[in-house]
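Beneath this line is the structure, given in structure tokens, with notes to follow.
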Amino acid sequence: MDIASLIGLIGAVGMIVGAMISGGGLSPFIDVPSILIVFGGTFFAVMYTAPLPVFLGSFGAMAKAFMPKMKKQKEMIERIVELSAVARKDGMMALEGQEVPDKFFEKGLQLLVDGADEAKLTRQLRQEISAMKSRHAQSQAVVKAWIDIGPAMGMIGTLIGLVLMLGNIEDAKAIGPAMAVALLTTLYGAFLANVLFGPMLTKMEGYTTYEVLYREMVLEGLRNIARGESPRNIQEQMTAGLPPKVQATLQAA
Amino acid sequence: MDIASLIGLIGAVGMIVGAMISGGGLSPFIDVPSILIVFGGTFFAVMYTAPLPVFLGSFGAMAKAFMPKMKKQKEMIERIVELSAVARKDGMMALEGQEVPDKFFEKGLQLLVDGADEAKLTRQLRQEISAMKSRHAQSQAVVKAWIDIGPAMGMIGTLIGLVLMLGNIEDAKAIGPAMAVALLTTLYGAFLANVLFGPMLTKMEGYTTYEVLYREMVLEGLRNIARGESPRNIQEQMTAGLPPKVQATLQAA
Amino acid sequence: MDIASLIGLIGAVGMIVGAMISGGGLSPFIDVPSILIVFGGTFFAVMYTAPLPVFLGSFGAMAKAFMPKMKKQKEMIERIVELSAVARKDGMMALEGQEVPDKFFEKGLQLLVDGADEAKLTRQLRQEISAMKSRHAQSQAVVKAWIDIGPAMGMIGTLIGLVLMLGNIEDAKAIGPAMAVALLTTLYGAFLANVLFGPMLTKMEGYTTYEVLYREMVLEGLRNIARGESPRNIQEQMTAGLPPKVQATLQAA
Amino acid sequence: MDIASLIGLIGAVGMIVGAMISGGGLSPFIDVPSILIVFGGTFFAVMYTAPLPVFLGSFGAMAKAFMPKMKKQKEMIERIVELSAVARKDGMMALEGQEVPDKFFEKGLQLLVDGADEAKLTRQLRQEISAMKSRHAQSQAVVKAWIDIGPAMGMIGTLIGLVLMLGNIEDAKAIGPAMAVALLTTLYGAFLANVLFGPMLTKMEGYTTYEVLYREMVLEGLRNIARGESPRNIQEQMTAGLPPKVQATLQAA
Amino acid sequence: MDIASLIGLIGAVGMIVGAMISGGGLSPFIDVPSILIVFGGTFFAVMYTAPLPVFLGSFGAMAKAFMPKMKKQKEMIERIVELSAVARKDGMMALEGQEVPDKFFEKGLQLLVDGADEAKLTRQLRQEISAMKSRHAQSQAVVKAWIDIGPAMGMIGTLIGLVLMLGNIEDAKAIGPAMAVALLTTLYGAFLANVLFGPMLTKMEGYTTYEVLYREMVLEGLRNIARGESPRNIQEQMTAGLPPKVQATLQAA
């Protein structure tokens, strides 16, 4: 559970809802046709942007913004260093069945056990990484579509409301409330783009960057094992990319 | 038939039309001069952006957003693996007349049969791919022009309406309806850009990405055949780029 | 004469003028000071963005959006193939005085006749192409400046009009017409950016892309001649980048 | 203490506060619910965009916009030149314990003392630099999120205020003040994005660019030492990237 | 003196001032607090974006938009060709003290005289060019900050004016003039961004591009001299990048 996403989303929504309630309750802000045109219309227009499986899969990807499995670089580097010692002592075959913290690592290790050389290892794992990147990019494109289309649907809704109101302007007292309803769709669109999906996209992109970096570090480590580098060299090289504080912890260990 | 495009477009239009009807019928939203200036004006301005054949060809390309021929990576990889076995056993000549799932694949196979080496094969197929990419980019530039120019024409229409209305402001009762009509062109422009063409462009770009990836995989496979790689190696390498689930299916087979 | 540019521009302007006339004639849309500030102000501000010769030269470049000399790839490829046969049979000297469809081609051919090897030929023609690209980019930057500054001048004009109107608001009847005039500059700016220069820029960029591609194909062909490739090989390689239909025509020939 | 940041921020805020006071005091510009929705809402939405440690760490990074430690290129080059003379005379071991102006420099020097060759030195220090760049990019992404989300929250607040006001429009006298309050959130959002965080981001990016350049110069210098270049050559090469005036000072020395 | 910059700026300002005067004189457009918040506020906020020396240095760089020293490619090429003849005949030492049209050229020539080989010459001059590029980029970033922050300050000023006006709305007659004043800051911001600094930035970027190109040509020429190419070859190669007309003049000479 990513606590920052949860607190952030609840807090931001809370601030908005609080402002609504303190101004007179939520009821002026709820209008079913407006909800339909913004949320429903955007839902369908987003579906139109992507192949069906990508569209359906994007919801699972969004959920990960709240429940990411953050892999730990430090543990991984320690494991790589241990395994490099094993491999130098007992050969690649000894890596069979060793416990590793994640699937990508496991796959790379299996390639080493199966006798892949550095070039083959690199080629296969690079392709895995780039395939992951393009899978993530597809889901993120769907989130991006929500962000782009939501406010547009809000504007369309407001224009529809204004046209209806202006065409029927005699009843001066009705203008205010009609205009209020017309503005609701713009409000929904802004909420959808800037509170719900905007920060989510930033978070998802951040996770992808982190995951790619993590996997490239695993790949780097496994290549070093394949080349038979010394555990000390591997540790030195891999820790160079960590923040200064974490480096200190690792070197002390 | 791409079901997501169809449901998406119909659903999004449905939400908008539904909101119009529930607010008082479609008639306040239909105004012939407004339609002419937005749809007609944009049509001509888009024509101005592109050479005539590109402009005319773009309509066919748009239709493909609804009826794409999605080629299947899994079938193609299986076929490549089978053909690599044939080529290793009986030579390149044995590839003559083999059935393959698409024209690009067929062209590449023919090059192998005609005795092209890996370098020539790569050069010719790369040029095919890059020519396809630039043909697609041309059509997509036309769709992009609709998206850019549509709302601008809508704004021009609204400004024309406002100028006419404001210059003739004595009749206070006419202001509302005149303003309603003036806003219609903005509404049309937003509809055109965000509901009709915006998602279509995203979808078209997605297909191009997919098709390029597919063709590069075919090329990769044919290069492996040209080099005489073993079917097992080819399968391993080509599946590395597929989603984990599909990989499992292929390896089980 | 590029028929699409002409029909497109006339059609788009026609739609707009038609909407004006059908709404009450052109006179409410013509205001000399507004024209001066938008067209005149933009003219001078654009002049400020570029060196004088570039600014003056841009008008000629704009005219080419209506009268481009589109060179034909098919004819050029056929000529390259013929010349490659001549060069293989009678040597490079035999290329002297051969007719070719354009100046760039002629220049390259002359280099071959003068004894340039492939490296020198490539270096010189690449420099020609890149110099052409940067000359075109300069003219297009001027058109881009019209597109950027036009609407800004329109907004400045409208603000000036509003300030004048609001400072002198007692005469309630004059508000409407004064506001109408204030909006005219925004209308002019939008027209200038989205109808006149926006599509023109897209078209000019398209021609540059086409011309660069054409010249790179000529260069590719001449390099093949310099290497002494067989006419058949040259044809195969050069046609790989053409659309499938044109390829079929050429192969049939 | 970066005096330009401080004067700039105080001056810009002063101009705005001065305009408020001269127009009638600060009280019309302070509204607690508006402050909560813009500053509080943006705070939480920004938290939602980033992992918790990155979010918390960004505040320290922002403080550095006011108190950067600008390292001096000139001193560093002089030190490199001196150390290169030491290394040529007495070997790399003589570099042990030499005083250097910063930690990165020290780390590189230690690598030389420990016997790293040029390749290892380069690889390790490059990784340090690129890790620093991505740490900085993370903090800057948080500042960017403040800039993006602040005005959006301001707009949401204004829409909420407008909906409340329009739904309750009978009391004509209350419209003005209610609208004034509604506009406050837009004002806060614009202030937050353009006065507080916008210039801060530009400054932070400038520092990162400077720091990366500085470190690359240190790396370049250390590589030259590792290769055993002459002090004079090193000086010549390293000063080529400095402004002409600083070059003159160094050459005179 | 760059005549296009001067005429352009004066012309654009003239058009705007003319529209103001023809509408009723300049006095409605001058408001001291508005000037303070837009020009003063932007001044300070821009100062906040950059280190103090860069901020101060940017004013000098802006002045160059009006008084650039445009170096002439044609003269430079002729000089390179002459010097190459000298170097081939009498050796590099004979280049000592030769007159050259600019400092960069002189520096490169001095390197040749001092015995630098092509690699060293290229490395040093490349570093000079890239250092110049990043110095220019810094000044241009300051101009960019004026363009970004000016309209934002204008909007903040208008919001402040609106809040003050709306909070004090009883006096209906005062609304118009108060609103007029409120709009002035938006007008100032638009003027600052689109008339003063926008075109200036484009011009400055154009000069940088030109200067970089010029220096790269000098470098190219000096490298040819270092390699001992024949004057005729150098002329042919260097003129390939000039416009066709200038080429003709040079070849005739």
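Identifiers in the structure tokens: chain A, B, ... in order shown; residue index from 1 per chain; ligand index from 1 in order shown.
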
For chain B against chain C, which residues fall within 6 Å using only C-alpha atoms, given as a PyMOL selection string?
chain B and resi 37+41+44-45+47-50+52+127-128+131+163+166-167+169

Pick out the residues sitting within 8 Å of Ala87 (chain C), and hand them over as a ChimeraX atom specification; count only C-alpha atoms, and ignore anything fewer than 5 positions along from it in its own chain.
/C:92-95,225,228

Residue subset to file, keeping C-alpha atoms, as a PDB file, in the first residue's frame:
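out-v6.pdb written:
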```
ATOM      1  CA  MET C  92      31.606   8.038 -65.563  1.00  0.00           C
ATOM      2  CA  MET C  93      32.709  10.368 -68.386  1.00  0.00           C
ATOM      3  CA  ALA C  94      29.738   9.189 -70.432  1.00  0.00           C
ATOM      4  CA  LEU C  95      27.430  10.817 -67.884  1.00  0.00           C
ATOM      5  CA  ILE C 225      26.298   4.532 -59.503  1.00  0.00           C
ATOM      6  CA  GLY C 228      29.154   0.579 -59.812  1.00  0.00           C
TER       7      GLY C 228
END
```

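Near Val46 (chain A), within 8 Å and counting only C-alpha atoms, sit Phe55, Val142, Ala145, Trp146 and Ile149 of chain A; Gly8 and Pro199 of chain B; same-chain residues fewer than 6 positions away were not included.
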
Given the selection you just returned, output its residues as a file containing N, CA, C and O atoms, formatted as a PDB file, in the first residue's frame.
```pdb
ATOM      1  N   PHE A  55      -7.483  -1.100 -23.000  1.00  0.00           N
ATOM      2  CA  PHE A  55      -8.406  -0.295 -22.207  1.00  0.00           C
ATOM      3  C   PHE A  55      -8.782  -1.022 -20.922  1.00  0.00           C
ATOM      4  O   PHE A  55      -8.718  -0.458 -19.830  1.00  0.00           O
ATOM      5  N   VAL A 142      -3.602   5.398 -21.736  1.00  0.00           N
ATOM      6  CA  VAL A 142      -5.031   5.416 -21.407  1.00  0.00           C
ATOM      7  C   VAL A 142      -5.301   6.442 -20.305  1.00  0.00           C
ATOM      8  O   VAL A 142      -6.252   7.229 -20.392  1.00  0.00           O
ATOM      9  N   ALA A 145      -5.280   9.731 -21.746  1.00  0.00           N
ATOM     10  CA  ALA A 145      -6.505  10.026 -22.492  1.00  0.00           C
ATOM     11  C   ALA A 145      -7.598  10.527 -21.553  1.00  0.00           C
ATOM     12  O   ALA A 145      -8.340  11.457 -21.889  1.00  0.00           O
ATOM     13  N   TRP A 146      -7.716   9.929 -20.338  1.00  0.00           N
ATOM     14  CA  TRP A 146      -8.671  10.446 -19.353  1.00  0.00           C
ATOM     15  C   TRP A 146      -8.374  11.915 -19.057  1.00  0.00           C
ATOM     16  O   TRP A 146      -9.273  12.748 -18.947  1.00  0.00           O
ATOM     17  N   ILE A 149      -9.248  14.091 -22.268  1.00  0.00           N
ATOM     18  CA  ILE A 149     -10.635  14.129 -22.736  1.00  0.00           C
ATOM     19  C   ILE A 149     -11.578  14.625 -21.653  1.00  0.00           C
ATOM     20  O   ILE A 149     -12.587  15.270 -21.945  1.00  0.00           O
TER      21      ILE A 149
ATOM     22  N   GLY B   8     -16.966   2.857 -28.262  1.00  0.00           N
ATOM     23  CA  GLY B   8     -16.487   4.111 -27.687  1.00  0.00           C
ATOM     24  C   GLY B   8     -17.091   5.312 -28.362  1.00  0.00           C
ATOM     25  O   GLY B   8     -17.628   6.211 -27.714  1.00  0.00           O
ATOM     26  N   PRO B 199      -9.658  11.000 -30.293  1.00  0.00           N
ATOM     27  CA  PRO B 199      -9.427   9.594 -29.977  1.00  0.00           C
ATOM     28  C   PRO B 199      -9.007   8.797 -31.214  1.00  0.00           C
ATOM     29  O   PRO B 199      -8.220   7.856 -31.107  1.00  0.00           O
TER      30      PRO B 199
END
```

Quick one: residues within 9 Å of Gln98 (chain B), only C-alpha atoms counted, chain neighbours fewer than 5 positions away excluded, as a PyMOL selection string?
chain B and resi 83+106+109

Neighbours of Met70 (chain E) within 12 Å (only C-alpha atoms; same-chain residues fewer than 6 positions away dropped), as a PDB file with all heavy atoms, in the first residue's frame?
```pdb
ATOM      1  N   PRO C  51      16.285  38.424 -39.294  1.00  0.00           N
ATOM      2  CA  PRO C  51      17.120  39.337 -40.074  1.00  0.00           C
ATOM      3  C   PRO C  51      16.353  39.787 -41.313  1.00  0.00           C
ATOM      4  O   PRO C  51      15.530  39.033 -41.845  1.00  0.00           O
ATOM      5  CB  PRO C  51      18.323  38.485 -40.467  1.00  0.00           C
ATOM      6  CG  PRO C  51      18.333  37.359 -39.484  1.00  0.00           C
ATOM      7  CD  PRO C  51      16.906  37.117 -39.112  1.00  0.00           C
TER       8      PRO C  51
ATOM      9  N   MET E   1      24.120  47.905 -36.403  1.00  0.00           N
ATOM     10  CA  MET E   1      22.702  48.152 -36.103  1.00  0.00           C
ATOM     11  C   MET E   1      21.829  47.265 -36.985  1.00  0.00           C
ATOM     12  O   MET E   1      21.904  47.327 -38.212  1.00  0.00           O
ATOM     13  CB  MET E   1      22.392  49.633 -36.380  1.00  0.00           C
ATOM     14  CG  MET E   1      20.945  50.026 -36.139  1.00  0.00           C
ATOM     15  SD  MET E   1      20.415  49.719 -34.440  1.00  0.00           S
ATOM     16  CE  MET E   1      21.276  51.031 -33.557  1.00  0.00           C
ATOM     17  N   ASP E   2      21.011  46.441 -36.357  1.00  0.00           N
ATOM     18  CA  ASP E   2      20.114  45.573 -37.116  1.00  0.00           C
ATOM     19  C   ASP E   2      18.843  46.334 -37.428  1.00  0.00           C
ATOM     20  O   ASP E   2      17.996  46.572 -36.566  1.00  0.00           O
ATOM     21  CB  ASP E   2      19.813  44.311 -36.316  1.00  0.00           C
ATOM     22  CG  ASP E   2      18.853  43.428 -37.058  1.00  0.00           C
ATOM     23  OD1 ASP E   2      19.144  43.076 -38.210  1.00  0.00           O
ATOM     24  OD2 ASP E   2      17.795  43.102 -36.506  1.00  0.00           O
ATOM     25  N   LYS E  64      22.275  43.111 -27.882  1.00  0.00           N
ATOM     26  CA  LYS E  64      22.832  42.578 -29.129  1.00  0.00           C
ATOM     27  C   LYS E  64      21.768  42.223 -30.154  1.00  0.00           C
ATOM     28  O   LYS E  64      22.074  42.064 -31.334  1.00  0.00           O
ATOM     29  CB  LYS E  64      23.671  41.337 -28.830  1.00  0.00           C
ATOM     30  CG  LYS E  64      25.013  41.707 -28.222  1.00  0.00           C
ATOM     31  CD  LYS E  64      25.977  40.546 -28.314  1.00  0.00           C
ATOM     32  CE  LYS E  64      27.179  40.788 -27.439  1.00  0.00           C
ATOM     33  NZ  LYS E  64      27.787  39.533 -26.984  1.00  0.00           N
ATOM     34  N   MET E  76      34.953  35.066 -44.912  1.00  0.00           N
ATOM     35  CA  MET E  76      35.668  34.086 -44.104  1.00  0.00           C
ATOM     36  C   MET E  76      36.158  32.926 -44.970  1.00  0.00           C
ATOM     37  O   MET E  76      37.306  32.495 -44.861  1.00  0.00           O
ATOM     38  CB  MET E  76      34.737  33.601 -42.994  1.00  0.00           C
ATOM     39  CG  MET E  76      35.316  32.566 -42.075  1.00  0.00           C
ATOM     40  SD  MET E  76      34.934  30.892 -42.656  1.00  0.00           S
ATOM     41  CE  MET E  76      33.186  30.807 -42.296  1.00  0.00           C
ATOM     42  N   PRO E 101      39.250  37.677 -39.783  1.00  0.00           N
ATOM     43  CA  PRO E 101      38.131  38.582 -39.505  1.00  0.00           C
ATOM     44  C   PRO E 101      37.560  38.531 -38.089  1.00  0.00           C
ATOM     45  O   PRO E 101      36.789  39.408 -37.726  1.00  0.00           O
ATOM     46  CB  PRO E 101      37.075  38.178 -40.541  1.00  0.00           C
ATOM     47  CG  PRO E 101      37.458  36.838 -41.016  1.00  0.00           C
ATOM     48  CD  PRO E 101      38.908  36.676 -40.805  1.00  0.00           C
ATOM     49  N   ASP E 102      37.852  37.513 -37.273  1.00  0.00           N
ATOM     50  CA  ASP E 102      37.251  37.498 -35.925  1.00  0.00           C
ATOM     51  C   ASP E 102      38.125  36.735 -34.938  1.00  0.00           C
ATOM     52  O   ASP E 102      39.051  36.026 -35.317  1.00  0.00           O
ATOM     53  CB  ASP E 102      35.849  36.899 -35.968  1.00  0.00           C
ATOM     54  CG  ASP E 102      35.872  35.473 -36.453  1.00  0.00           C
ATOM     55  OD1 ASP E 102      35.956  35.275 -37.699  1.00  0.00           O
ATOM     56  OD2 ASP E 102      35.853  34.557 -35.630  1.00  0.00           O
ATOM     57  N   GLY E 206      18.049  33.037 -33.368  1.00  0.00           N
ATOM     58  CA  GLY E 206      18.529  33.026 -34.749  1.00  0.00           C
ATOM     59  C   GLY E 206      20.004  33.399 -34.842  1.00  0.00           C
ATOM     60  O   GLY E 206      20.767  32.761 -35.555  1.00  0.00           O
ATOM     61  N   TYR E 207      20.410  34.407 -34.088  1.00  0.00           N
ATOM     62  CA  TYR E 207      21.825  34.799 -34.117  1.00  0.00           C
ATOM     63  C   TYR E 207      22.717  33.692 -33.584  1.00  0.00           C
ATOM     64  O   TYR E 207      23.806  33.458 -34.112  1.00  0.00           O
ATOM     65  CB  TYR E 207      22.043  36.071 -33.294  1.00  0.00           C
ATOM     66  CG  TYR E 207      21.559  37.307 -33.984  1.00  0.00           C
ATOM     67  CD1 TYR E 207      20.958  38.332 -33.282  1.00  0.00           C
ATOM     68  CD2 TYR E 207      21.707  37.457 -35.372  1.00  0.00           C
ATOM     69  CE1 TYR E 207      20.501  39.469 -33.917  1.00  0.00           C
ATOM     70  CE2 TYR E 207      21.246  38.594 -36.009  1.00  0.00           C
ATOM     71  CZ  TYR E 207      20.645  39.597 -35.290  1.00  0.00           C
ATOM     72  OH  TYR E 207      20.193  40.706 -35.929  1.00  0.00           O
ATOM     73  N   THR E 208      22.264  33.029 -32.529  1.00  0.00           N
ATOM     74  CA  THR E 208      23.070  31.948 -31.975  1.00  0.00           C
ATOM     75  C   THR E 208      23.260  30.850 -33.011  1.00  0.00           C
ATOM     76  O   THR E 208      24.366  30.352 -33.220  1.00  0.00           O
ATOM     77  CB  THR E 208      22.405  31.394 -30.702  1.00  0.00           C
ATOM     78  OG1 THR E 208      22.305  32.449 -29.759  1.00  0.00           O
ATOM     79  CG2 THR E 208      23.225  30.265 -30.119  1.00  0.00           C
ATOM     80  N   THR E 209      22.155  30.486 -33.675  1.00  0.00           N
ATOM     81  CA  THR E 209      22.247  29.466 -34.715  1.00  0.00           C
ATOM     82  C   THR E 209      23.251  29.886 -35.781  1.00  0.00           C
ATOM     83  O   THR E 209      24.089  29.088 -36.215  1.00  0.00           O
ATOM     84  CB  THR E 209      20.860  29.252 -35.369  1.00  0.00           C
ATOM     85  OG1 THR E 209      19.930  28.959 -34.335  1.00  0.00           O
ATOM     86  CG2 THR E 209      20.905  28.113 -36.368  1.00  0.00           C
ATOM     87  N   TYR E 210      23.149  31.149 -36.195  1.00  0.00           N
ATOM     88  CA  TYR E 210      24.041  31.646 -37.237  1.00  0.00           C
ATOM     89  C   TYR E 210      25.500  31.604 -36.774  1.00  0.00           C
ATOM     90  O   TYR E 210      26.391  31.153 -37.500  1.00  0.00           O
ATOM     91  CB  TYR E 210      23.654  33.079 -37.612  1.00  0.00           C
ATOM     92  CG  TYR E 210      24.485  33.654 -38.734  1.00  0.00           C
ATOM     93  CD1 TYR E 210      24.108  33.466 -40.057  1.00  0.00           C
ATOM     94  CD2 TYR E 210      25.655  34.343 -38.466  1.00  0.00           C
ATOM     95  CE1 TYR E 210      24.882  33.958 -41.088  1.00  0.00           C
ATOM     96  CE2 TYR E 210      26.438  34.844 -39.497  1.00  0.00           C
ATOM     97  CZ  TYR E 210      26.052  34.650 -40.806  1.00  0.00           C
ATOM     98  OH  TYR E 210      26.832  35.129 -41.821  1.00  0.00           O
ATOM     99  N   GLU E 211      25.721  32.078 -35.548  1.00  0.00           N
ATOM    100  CA  GLU E 211      27.079  32.147 -35.023  1.00  0.00           C
ATOM    101  C   GLU E 211      27.684  30.740 -34.871  1.00  0.00           C
ATOM    102  O   GLU E 211      28.864  30.515 -35.170  1.00  0.00           O
ATOM    103  CB  GLU E 211      27.076  32.870 -33.664  1.00  0.00           C
ATOM    104  CG  GLU E 211      28.428  33.051 -33.019  1.00  0.00           C
ATOM    105  CD  GLU E 211      29.282  34.098 -33.709  1.00  0.00           C
ATOM    106  OE1 GLU E 211      28.738  34.952 -34.419  1.00  0.00           O
ATOM    107  OE2 GLU E 211      30.521  34.033 -33.555  1.00  0.00           O
ATOM    108  N   VAL E 212      26.867  29.799 -34.405  1.00  0.00           N
ATOM    109  CA  VAL E 212      27.356  28.423 -34.264  1.00  0.00           C
ATOM    110  C   VAL E 212      27.742  27.871 -35.631  1.00  0.00           C
ATOM    111  O   VAL E 212      28.804  27.267 -35.796  1.00  0.00           O
ATOM    112  CB  VAL E 212      26.281  27.538 -33.588  1.00  0.00           C
ATOM    113  CG1 VAL E 212      26.636  26.069 -33.726  1.00  0.00           C
ATOM    114  CG2 VAL E 212      26.133  27.920 -32.127  1.00  0.00           C
ATOM    115  N   LEU E 213      26.860  28.096 -36.610  1.00  0.00           N
ATOM    116  CA  LEU E 213      27.134  27.636 -37.965  1.00  0.00           C
ATOM    117  C   LEU E 213      28.431  28.250 -38.490  1.00  0.00           C
ATOM    118  O   LEU E 213      29.292  27.555 -39.041  1.00  0.00           O
ATOM    119  CB  LEU E 213      25.971  28.036 -38.873  1.00  0.00           C
ATOM    120  CG  LEU E 213      26.080  27.577 -40.317  1.00  0.00           C
ATOM    121  CD1 LEU E 213      25.908  26.082 -40.393  1.00  0.00           C
ATOM    122  CD2 LEU E 213      25.016  28.241 -41.187  1.00  0.00           C
ATOM    123  N   TYR E 214      28.571  29.561 -38.294  1.00  0.00           N
ATOM    124  CA  TYR E 214      29.763  30.267 -38.754  1.00  0.00           C
ATOM    125  C   TYR E 214      31.021  29.660 -38.138  1.00  0.00           C
ATOM    126  O   TYR E 214      31.997  29.371 -38.827  1.00  0.00           O
ATOM    127  CB  TYR E 214      29.636  31.751 -38.381  1.00  0.00           C
ATOM    128  CG  TYR E 214      30.834  32.594 -38.727  1.00  0.00           C
ATOM    129  CD1 TYR E 214      30.952  33.196 -39.973  1.00  0.00           C
ATOM    130  CD2 TYR E 214      31.865  32.779 -37.812  1.00  0.00           C
ATOM    131  CE1 TYR E 214      32.050  33.969 -40.296  1.00  0.00           C
ATOM    132  CE2 TYR E 214      32.975  33.540 -38.120  1.00  0.00           C
ATOM    133  CZ  TYR E 214      33.067  34.134 -39.364  1.00  0.00           C
ATOM    134  OH  TYR E 214      34.161  34.890 -39.681  1.00  0.00           O
ATOM    135  N   ARG E 215      30.966  29.446 -36.816  1.00  0.00           N
ATOM    136  CA  ARG E 215      32.141  28.912 -36.137  1.00  0.00           C
ATOM    137  C   ARG E 215      32.442  27.485 -36.563  1.00  0.00           C
ATOM    138  O   ARG E 215      33.605  27.088 -36.676  1.00  0.00           O
ATOM    139  CB  ARG E 215      31.946  28.970 -34.612  1.00  0.00           C
ATOM    140  CG  ARG E 215      31.890  30.394 -34.103  1.00  0.00           C
ATOM    141  CD  ARG E 215      32.039  30.478 -32.614  1.00  0.00           C
ATOM    142  NE  ARG E 215      32.154  31.872 -32.211  1.00  0.00           N
ATOM    143  CZ  ARG E 215      32.490  32.281 -30.999  1.00  0.00           C
ATOM    144  NH1 ARG E 215      32.753  31.388 -30.055  1.00  0.00           N
ATOM    145  NH2 ARG E 215      32.591  33.556 -30.721  1.00  0.00           N
TER     146      ARG E 215
END
```

Those of region 49-99 of chain B in DSSP helix (DSSP H, G or I), formatted as a ChimeraX atom specification:
/B:49,52-63,73-90,92-95
